[in-house]
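Have a look at run.cif below; it lists mmCIF, C-alpha atoms.
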data_upload
#
loop_
_atom_site.label_atom_id
_atom_site.label_comp_id
_atom_site.auth_asym_id
_atom_site.auth_seq_id
_atom_site.Cartn_x
_atom_site.Cartn_y
_atom_site.Cartn_z
CA MET A 1 162.25 153.53 240.50
CA ASP A 2 159.88 154.67 237.73
CA ASP A 3 159.66 153.37 234.17
CA GLN A 4 161.85 156.09 232.67
CA THR A 5 164.65 155.51 235.17
CA GLN A 6 164.47 151.74 234.72
CA ALA A 7 164.69 152.16 230.95
CA LEU A 8 167.67 154.50 231.15
CA ALA A 9 169.48 152.33 233.66
CA ALA A 10 168.93 149.24 231.55
CA GLY A 11 171.41 150.45 228.93
CA PRO A 12 171.28 148.85 225.50
CA ALA A 13 167.93 147.13 225.86
CA PRO A 14 165.75 146.90 222.75
CA ALA A 15 163.85 150.09 222.02
CA ASP A 16 160.10 150.13 221.84
CA PRO A 17 159.17 150.32 218.14
CA ALA A 18 155.71 151.66 218.91
CA GLN A 19 156.67 155.29 219.37
CA GLY A 20 153.98 157.77 218.53
CA GLY A 21 153.98 160.96 216.55
CA LEU A 22 156.32 162.13 213.85
CA ALA A 23 159.27 160.26 215.37
CA ALA A 24 157.64 156.94 214.49
CA LYS A 25 156.14 157.96 211.14
CA LEU A 26 159.44 158.99 209.54
CA PRO A 27 162.15 156.37 208.94
CA PRO A 28 165.19 156.73 211.23
CA HIS A 29 167.34 157.35 208.16
CA VAL A 30 165.46 160.61 207.56
CA TRP A 31 166.35 161.83 211.06
CA PHE A 32 169.95 160.85 210.43
CA GLY A 33 169.92 162.80 207.15
CA VAL A 34 168.73 165.95 208.91
CA SER A 35 171.41 165.47 211.58
CA ALA A 36 174.06 164.97 208.88
CA VAL A 37 173.26 168.35 207.34
CA PHE A 38 173.33 170.29 210.60
CA HIS A 39 176.22 168.36 212.19
CA TYR A 40 178.73 170.54 210.32
CA LEU A 41 176.57 173.40 209.07
CA GLY A 42 176.35 174.94 212.55
CA PRO A 43 180.08 174.55 213.31
CA ALA A 44 180.98 175.98 209.89
CA PHE A 45 179.13 179.18 210.77
CA ALA A 46 180.69 179.05 214.23
CA VAL A 47 184.14 179.32 212.64
CA LEU A 48 183.06 182.68 211.19
CA LEU A 49 182.29 183.90 214.73
CA PHE A 50 185.62 182.82 216.26
CA PRO A 51 187.25 186.25 215.68
CA HIS A 52 184.47 187.94 217.66
CA VAL A 53 183.89 185.65 220.67
CA GLY A 54 186.88 183.31 220.63
CA VAL A 55 186.90 179.56 220.23
CA LEU A 56 185.95 178.61 223.78
CA GLY A 57 183.51 181.53 223.95
CA MET A 58 181.69 180.09 220.94
CA ALA A 59 181.67 176.64 222.55
CA TRP A 60 180.20 178.21 225.70
CA LEU A 61 177.47 180.00 223.74
CA ARG A 62 176.64 176.83 221.79
CA ILE A 63 176.21 174.69 224.89
CA ALA A 64 174.46 177.45 226.86
CA THR A 65 171.93 177.93 224.06
CA ALA A 66 171.17 174.22 223.92
CA ALA A 67 170.92 173.91 227.70
CA LEU A 68 168.50 176.84 227.94
CA ILE A 69 166.32 175.47 225.13
CA PHE A 70 166.24 171.95 226.57
CA ALA A 71 165.59 173.08 230.16
CA PRO A 72 161.87 174.03 229.88
CA LEU A 73 161.19 171.20 227.42
CA THR A 74 162.83 168.32 229.30
CA ARG A 75 163.03 169.63 232.90
CA PRO A 76 166.45 168.08 233.68
CA TRP A 77 166.03 168.61 237.44
CA ARG A 78 163.15 166.11 237.38
CA THR A 79 165.21 163.64 235.37
CA PHE A 80 167.96 163.72 238.00
CA ALA A 81 165.54 163.64 240.92
CA ARG A 82 163.84 160.49 239.63
CA ALA A 83 167.00 158.70 238.46
CA ASP A 84 168.93 156.11 240.42
CA ARG A 85 172.68 156.26 240.99
CA SER A 86 173.72 154.38 237.84
CA THR A 87 171.50 156.55 235.64
CA ARG A 88 172.89 159.73 237.17
CA LEU A 89 176.42 158.51 236.50
CA LEU A 90 175.44 157.80 232.89
CA LEU A 91 174.05 161.32 232.47
CA LEU A 92 177.09 162.86 234.16
CA ALA A 93 179.41 160.96 231.81
CA PHE A 94 177.29 161.90 228.78
CA GLY A 95 177.24 165.57 229.77
CA ALA A 96 180.99 165.73 230.43
CA CYS A 97 181.60 164.01 227.08
CA LEU A 98 179.43 166.58 225.27
CA ALA A 99 181.21 169.50 226.94
CA VAL A 100 184.78 168.41 226.26
CA MET A 101 183.91 167.08 222.79
CA ASN A 102 182.41 170.41 221.68
CA CYS A 103 185.36 172.39 223.05
CA SER A 104 187.98 170.15 221.44
CA PHE A 105 185.98 170.15 218.19
CA TYR A 106 186.03 173.94 217.97
CA LEU A 107 189.70 174.10 219.00
CA ALA A 108 190.46 171.71 216.13
CA LEU A 109 188.33 173.67 213.63
CA ASP A 110 190.21 176.83 214.57
CA ARG A 111 193.45 175.27 213.31
CA LEU A 112 192.52 172.63 210.72
CA PRO A 113 190.20 172.30 207.69
CA ILE A 114 186.75 170.97 208.56
CA SER A 115 187.20 168.01 206.16
CA LEU A 116 190.30 166.83 208.04
CA VAL A 117 188.62 167.16 211.44
CA ALA A 118 185.65 165.17 210.12
CA ALA A 119 187.86 162.41 208.73
CA ILE A 120 189.68 161.99 212.03
CA GLU A 121 186.37 162.11 213.87
CA PHE A 122 185.00 159.06 212.06
CA VAL A 123 188.03 156.77 212.03
CA GLY A 124 187.02 155.89 215.60
CA THR A 125 183.76 154.39 214.36
CA ILE A 126 185.78 151.58 212.77
CA GLY A 127 187.39 151.02 216.15
CA VAL A 128 183.92 150.43 217.56
CA ALA A 129 183.39 147.78 214.89
CA LEU A 130 186.73 146.11 215.64
CA ILE A 131 185.84 145.86 219.31
CA GLY A 132 182.53 144.26 218.42
CA LEU A 133 183.80 141.99 215.67
CA ARG A 134 187.47 141.33 214.84
CA SER A 135 187.88 140.05 211.32
CA PRO A 136 190.26 140.38 208.34
CA ARG A 137 187.61 142.50 206.64
CA ASN A 138 187.52 144.99 209.49
CA LEU A 139 191.31 145.10 209.69
CA ALA A 140 191.41 145.91 205.98
CA ALA A 141 188.72 148.59 206.47
CA LEU A 142 190.76 150.14 209.27
CA ALA A 143 193.90 150.13 207.10
CA VAL A 144 192.05 151.87 204.24
CA ALA A 145 190.59 154.53 206.55
CA VAL A 146 193.91 155.15 208.28
CA THR A 147 195.60 155.53 204.88
CA GLY A 148 192.99 158.12 203.92
CA THR A 149 193.50 159.96 207.20
CA LEU A 150 197.27 160.03 206.68
CA LEU A 151 196.75 161.51 203.22
CA LEU A 152 194.57 164.22 204.73
CA ILE A 153 197.00 164.90 207.54
CA ASP A 154 199.90 165.13 205.07
CA VAL A 155 202.56 167.48 206.53
CA LYS A 156 200.33 168.76 209.31
CA TRP A 157 202.05 166.42 211.79
CA SER A 158 204.85 168.97 211.93
CA SER A 159 202.99 172.16 210.98
CA ASP A 160 200.13 171.93 213.49
CA PRO A 161 200.48 169.10 216.02
CA LEU A 162 198.25 170.94 218.50
CA GLY A 163 195.40 171.08 216.01
CA LEU A 164 195.78 167.34 215.40
CA PHE A 165 195.75 166.69 219.14
CA TRP A 166 192.40 168.45 219.50
CA ALA A 167 191.06 166.66 216.41
CA PHE A 168 192.01 163.20 217.73
CA LEU A 169 190.65 164.04 221.17
CA ASN A 170 187.39 165.08 219.55
CA GLY A 171 187.37 161.84 217.55
CA ALA A 172 187.81 159.74 220.69
CA LEU A 173 185.05 161.62 222.47
CA PHE A 174 182.78 161.23 219.45
CA VAL A 175 183.01 157.46 219.92
CA GLY A 176 181.98 158.07 223.53
CA TYR A 177 179.06 160.17 222.27
CA ILE A 178 177.88 157.27 220.07
CA VAL A 179 178.20 154.67 222.85
CA LEU A 180 176.66 156.79 225.62
CA GLY A 181 174.06 158.28 223.28
CA HIS A 182 172.86 154.82 222.33
CA ARG A 183 172.58 153.76 225.95
CA VAL A 184 170.42 156.81 226.59
CA ALA A 185 168.39 156.33 223.39
CA ARG A 186 167.45 152.76 224.25
CA ALA A 187 164.91 154.18 226.71
CA GLY A 188 162.96 155.35 223.65
CA ALA A 189 163.04 158.58 221.67
CA GLY A 190 161.04 160.62 224.20
CA ASP A 191 162.97 159.49 227.27
CA GLY A 192 166.23 159.72 225.33
CA ILE A 193 165.59 163.38 224.54
CA ALA A 194 164.70 164.00 228.20
CA ALA A 195 167.99 162.44 229.23
CA LEU A 196 169.77 164.51 226.57
CA GLY A 197 168.37 167.64 228.25
CA GLY A 198 169.82 166.49 231.56
CA ALA A 199 173.19 165.74 229.99
CA MET A 200 173.22 169.14 228.28
CA ALA A 201 172.64 170.82 231.64
CA ILE A 202 175.69 168.96 232.96
CA ALA A 203 177.68 170.04 229.89
CA PHE A 204 176.79 173.66 230.58
CA LEU A 205 178.02 173.39 234.17
CA VAL A 206 181.29 171.93 232.91
CA VAL A 207 181.97 174.75 230.43
CA LEU A 208 180.53 177.52 232.62
CA PRO A 209 183.90 178.66 234.03
CA ILE A 210 185.84 177.92 230.84
CA GLY A 211 184.43 180.13 228.10
CA PHE A 212 182.26 182.68 229.89
CA THR A 213 184.81 185.51 229.70
CA ASP A 214 185.36 184.97 225.99
CA ALA A 215 181.60 184.87 225.38
CA LEU A 216 180.94 188.26 227.04
CA PRO A 217 181.27 190.35 223.82
CA ALA A 218 178.21 188.55 222.43
CA PHE A 219 176.06 189.99 225.21
CA LEU A 220 177.02 193.51 224.12
CA SER A 221 175.97 192.96 220.49
CA PRO A 222 172.40 191.78 219.82
CA LEU A 223 173.26 190.73 216.27
CA LEU A 224 176.28 188.71 217.41
CA LEU A 225 174.25 187.10 220.21
CA LEU A 226 171.49 186.19 217.77
CA ALA A 227 174.03 184.62 215.43
CA ALA A 228 175.57 182.64 218.30
CA ILE A 229 172.13 181.39 219.37
CA GLY A 230 171.46 180.30 215.79
CA VAL A 231 174.73 178.37 215.78
CA GLY A 232 173.78 176.70 219.06
CA ILE A 233 170.42 175.60 217.70
CA CYS A 234 171.95 174.30 214.47
CA SER A 235 174.85 172.57 216.24
CA SER A 236 173.55 171.13 219.51
CA VAL A 237 169.74 171.14 219.40
CA ILE A 238 168.63 169.98 215.95
CA PRO A 239 171.35 167.35 215.28
CA TYR A 240 171.37 165.91 218.82
CA ILE A 241 167.58 165.51 218.87
CA CYS A 242 167.67 163.92 215.42
CA ASP A 243 170.46 161.60 216.58
CA GLN A 244 168.31 160.43 219.48
CA LEU A 245 165.35 159.83 217.15
CA ALA A 246 167.61 157.79 214.86
CA MET A 247 169.53 155.98 217.62
CA SER A 248 166.35 154.88 219.36
CA ARG A 249 165.43 152.81 216.27
CA LEU A 250 168.83 151.87 214.81
CA PRO A 251 171.41 149.46 216.21
CA ARG A 252 174.63 151.14 217.27
CA ALA A 253 176.58 149.40 214.47
CA SER A 254 174.11 150.57 211.80
CA PHE A 255 174.28 154.13 213.08
CA ALA A 256 178.09 154.01 213.05
CA LEU A 257 178.01 152.67 209.49
CA MET A 258 175.85 155.57 208.30
CA LEU A 259 178.37 158.00 209.75
CA SER A 260 180.58 157.21 206.75
CA LEU A 261 178.61 159.87 204.87
CA LEU A 262 179.55 162.69 207.20
CA PRO A 263 183.12 163.40 206.00
CA VAL A 264 181.59 164.08 202.59
CA THR A 265 178.99 166.37 204.18
CA ALA A 266 181.74 168.20 206.05
CA THR A 267 183.78 168.69 202.89
CA LEU A 268 180.82 170.08 200.93
CA ILE A 269 179.90 172.47 203.75
CA GLY A 270 183.55 173.51 204.04
CA VAL A 271 183.55 174.41 200.34
CA ILE A 272 180.25 176.29 200.42
CA VAL A 273 180.51 178.14 203.76
CA LEU A 274 184.24 178.42 204.50
CA ARG A 275 185.64 178.33 200.94
CA GLN A 276 187.97 175.51 201.98
CA ILE A 277 188.64 173.90 198.60
CA PRO A 278 190.10 170.39 198.98
CA SER A 279 193.05 169.30 196.86
CA LEU A 280 193.07 166.10 194.80
CA THR A 281 195.00 164.38 197.59
CA ASP A 282 192.40 165.54 200.12
CA CYS A 283 189.59 164.16 197.96
CA ILE A 284 191.35 160.79 197.70
CA GLY A 285 191.86 160.78 201.47
CA ILE A 286 188.21 161.57 202.13
CA PHE A 287 187.16 158.81 199.71
CA LEU A 288 189.38 156.28 201.51
CA VAL A 289 188.00 157.22 204.94
CA VAL A 290 184.42 156.88 203.69
CA ALA A 291 185.25 153.59 201.94
CA GLY A 292 186.89 152.20 205.06
CA VAL A 293 183.94 153.01 207.30
CA ALA A 294 181.44 151.74 204.71
CA PHE A 295 183.40 148.52 204.08
CA HIS A 296 183.71 147.43 207.71
CA LYS A 297 181.35 144.75 208.96
CA PRO A 298 179.48 145.84 212.08
CA ALA A 299 178.90 143.44 214.93
CA ARG A 300 175.35 142.20 215.32
#

Structure translated into structure tokens:
Amino acid sequence: MDDQTQALAAGPAPADPAQGGLAAKLPPHVWFGVSAVFHYLGPAFAVLLFPHVGVLGMAWLRIATAALIFAPLTRPWRTFARADRSTRLLLLAFGACLAVMNCSFYLALDRLPISLVAAIEFVGTIGVALIGLRSPRNLAALAVAVTGTLLLIDVKWSSDPLGLFWAFLNGALFVGYIVLGHRVARAGAGDGIAALGGAMAIAFLVVLPIGFTDALPAFLSPLLLLAAIGVGICSSVIPYICDQLAMSRLPRASFALMLSLLPVTATLIGVIVLRQIPSLTDCIGIFLVVAGVAFHKPAR
């Protein structure tokens, strides 16, 4: 078993701080900041394409774009050929998580405001903290975040339960993305991105039969196809690479703590791109979710 496979199979082992190039020169918080901008910018533009290629068609185009870009750069077939059984299972789980997470995310965005989907997405990060460290402080943080989420949900329990189902499924899978992504990233930024390419290839195979029919109109319109490719790059290439560069140098708990900023990012992008103006109650709910995630004490 070669060094890359041993590093991937080792799971959450300490990352090598001596990583060369731009990845090592810039602080990990910078990479997180770039990811935070694109994490919802790409999906916000994707919502505008839903009427043309459908929700699952857009998810298919997003994942297909990322898989095709990663393929020549990371050569996922080599990653799988050199990996042992446990590493292959890790990549399979990571790829399946990416596929279902992206589909459920878009299905939620099709029915709910992006700020609500983001708030639900990040309540799970407090659950990660509670698993690592149970304390009165973390219980209080969870209560604050749940209160904020309930304010955001408001009457949508009855008006759109299906949208909430997809949003909560996406939130659960996002926790899986953090956990599995950190296991992959502990091999180092370079090997983590190589493993990400392998996982993205798996994700493409998972969605291949699901959204292909819906995605066909994009192949008949060069402008629409170009827009879909742009969404894929902004949604699944730039932020996922930046996440790996940040995860490889940040503890999982620190990364989860920084995620408290993303509901705010989602709300601002929703206002600018989708004209989704939050009410006063929504703003209070978003503030409580952010406060809850920021207040929790991560496990060492």

*asked:* On this structure, the PyMOL selection byres ((chain A and resi 143) around 12) would catch which residues? List them as a ChimeraX atom specification, sorted by chain and number.
replied: /A:123,126-127,130,136-142,144-150,288-289,291-293,295-296

Q) Any chance you could work out the residue set of the PyMOL selection byres ((chain A and resi 71) around 12) here, as a PyMOL selection string? A) chain A and resi 63-70+72-79+193-202+204+237

Long-range neighbours of A:Met101 as an mmCIF file with C-alpha atoms, in the coordinates of the input, 10 Å cut-off, only C-alpha atoms, 2 positions minimum in chain:
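So around.cif came out as:
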data_model
loop_
_atom_site.group_PDB
_atom_site.id
_atom_site.type_symbol
_atom_site.label_atom_id
_atom_site.label_comp_id
_atom_site.auth_asym_id
_atom_site.auth_seq_id
_atom_site.Cartn_x
_atom_site.Cartn_y
_atom_site.Cartn_z
ATOM 1 C CA ALA A 59 181.670 176.640 222.550
ATOM 2 C CA GLY A 95 177.240 165.570 229.770
ATOM 3 C CA ALA A 96 180.990 165.730 230.430
ATOM 4 C CA CYS A 97 181.600 164.010 227.080
ATOM 5 C CA LEU A 98 179.430 166.580 225.270
ATOM 6 C CA ALA A 99 181.210 169.500 226.940
ATOM 7 C CA CYS A 103 185.360 172.390 223.050
ATOM 8 C CA SER A 104 187.980 170.150 221.440
ATOM 9 C CA PHE A 105 185.980 170.150 218.190
ATOM 10 C CA TYR A 106 186.030 173.940 217.970
ATOM 11 C CA LEU A 107 189.700 174.100 219.000
ATOM 12 C CA TRP A 166 192.400 168.450 219.500
ATOM 13 C CA ALA A 167 191.060 166.660 216.410
ATOM 14 C CA LEU A 169 190.650 164.040 221.170
ATOM 15 C CA ASN A 170 187.390 165.080 219.550
ATOM 16 C CA GLY A 171 187.370 161.840 217.550
ATOM 17 C CA ALA A 172 187.810 159.740 220.690
ATOM 18 C CA LEU A 173 185.050 161.620 222.470
ATOM 19 C CA PHE A 174 182.780 161.230 219.450
ATOM 20 C CA GLY A 176 181.980 158.070 223.530
ATOM 21 C CA TYR A 177 179.060 160.170 222.270
ATOM 22 C CA ALA A 203 177.680 170.040 229.890
#

### Message
Translate the PyMOL selection byres ((chain A and resi 262) around 10) into a concrete residue list for this structure, as a ChimeraX atom specification.
### Response
/A:33,35-37,39-40,115,118-119,121-122,258-261,263-268,290

Serialized selection, C-alpha atoms, as a PDB file, in the frame of the given file:
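Dumped everything to out_10.pdb:
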ATOM      1  CA  GLY A  33     169.920 162.800 207.150  1.00  0.00           C
ATOM      2  CA  SER A  35     171.410 165.470 211.580  1.00  0.00           C
ATOM      3  CA  ALA A  36     174.060 164.970 208.880  1.00  0.00           C
ATOM      4  CA  VAL A  37     173.260 168.350 207.340  1.00  0.00           C
ATOM      5  CA  HIS A  39     176.220 168.360 212.190  1.00  0.00           C
ATOM      6  CA  TYR A  40     178.730 170.540 210.320  1.00  0.00           C
ATOM      7  CA  SER A 115     187.200 168.010 206.160  1.00  0.00           C
ATOM      8  CA  ALA A 118     185.650 165.170 210.120  1.00  0.00           C
ATOM      9  CA  ALA A 119     187.860 162.410 208.730  1.00  0.00           C
ATOM     10  CA  GLU A 121     186.370 162.110 213.870  1.00  0.00           C
ATOM     11  CA  PHE A 122     185.000 159.060 212.060  1.00  0.00           C
ATOM     12  CA  MET A 258     175.850 155.570 208.300  1.00  0.00           C
ATOM     13  CA  LEU A 259     178.370 158.000 209.750  1.00  0.00           C
ATOM     14  CA  SER A 260     180.580 157.210 206.750  1.00  0.00           C
ATOM     15  CA  LEU A 261     178.610 159.870 204.870  1.00  0.00           C
ATOM     16  CA  PRO A 263     183.120 163.400 206.000  1.00  0.00           C
ATOM     17  CA  VAL A 264     181.590 164.080 202.590  1.00  0.00           C
ATOM     18  CA  THR A 265     178.990 166.370 204.180  1.00  0.00           C
ATOM     19  CA  ALA A 266     181.740 168.200 206.050  1.00  0.00           C
ATOM     20  CA  THR A 267     183.780 168.690 202.890  1.00  0.00           C
ATOM     21  CA  LEU A 268     180.820 170.080 200.930  1.00  0.00           C
ATOM     22  CA  VAL A 290     184.420 156.880 203.690  1.00  0.00           C
TER      23      VAL A 290
END

Students should find that atom CA of A:Leu224 and atom CA of A:Phe38 are spaced 19.9 Å
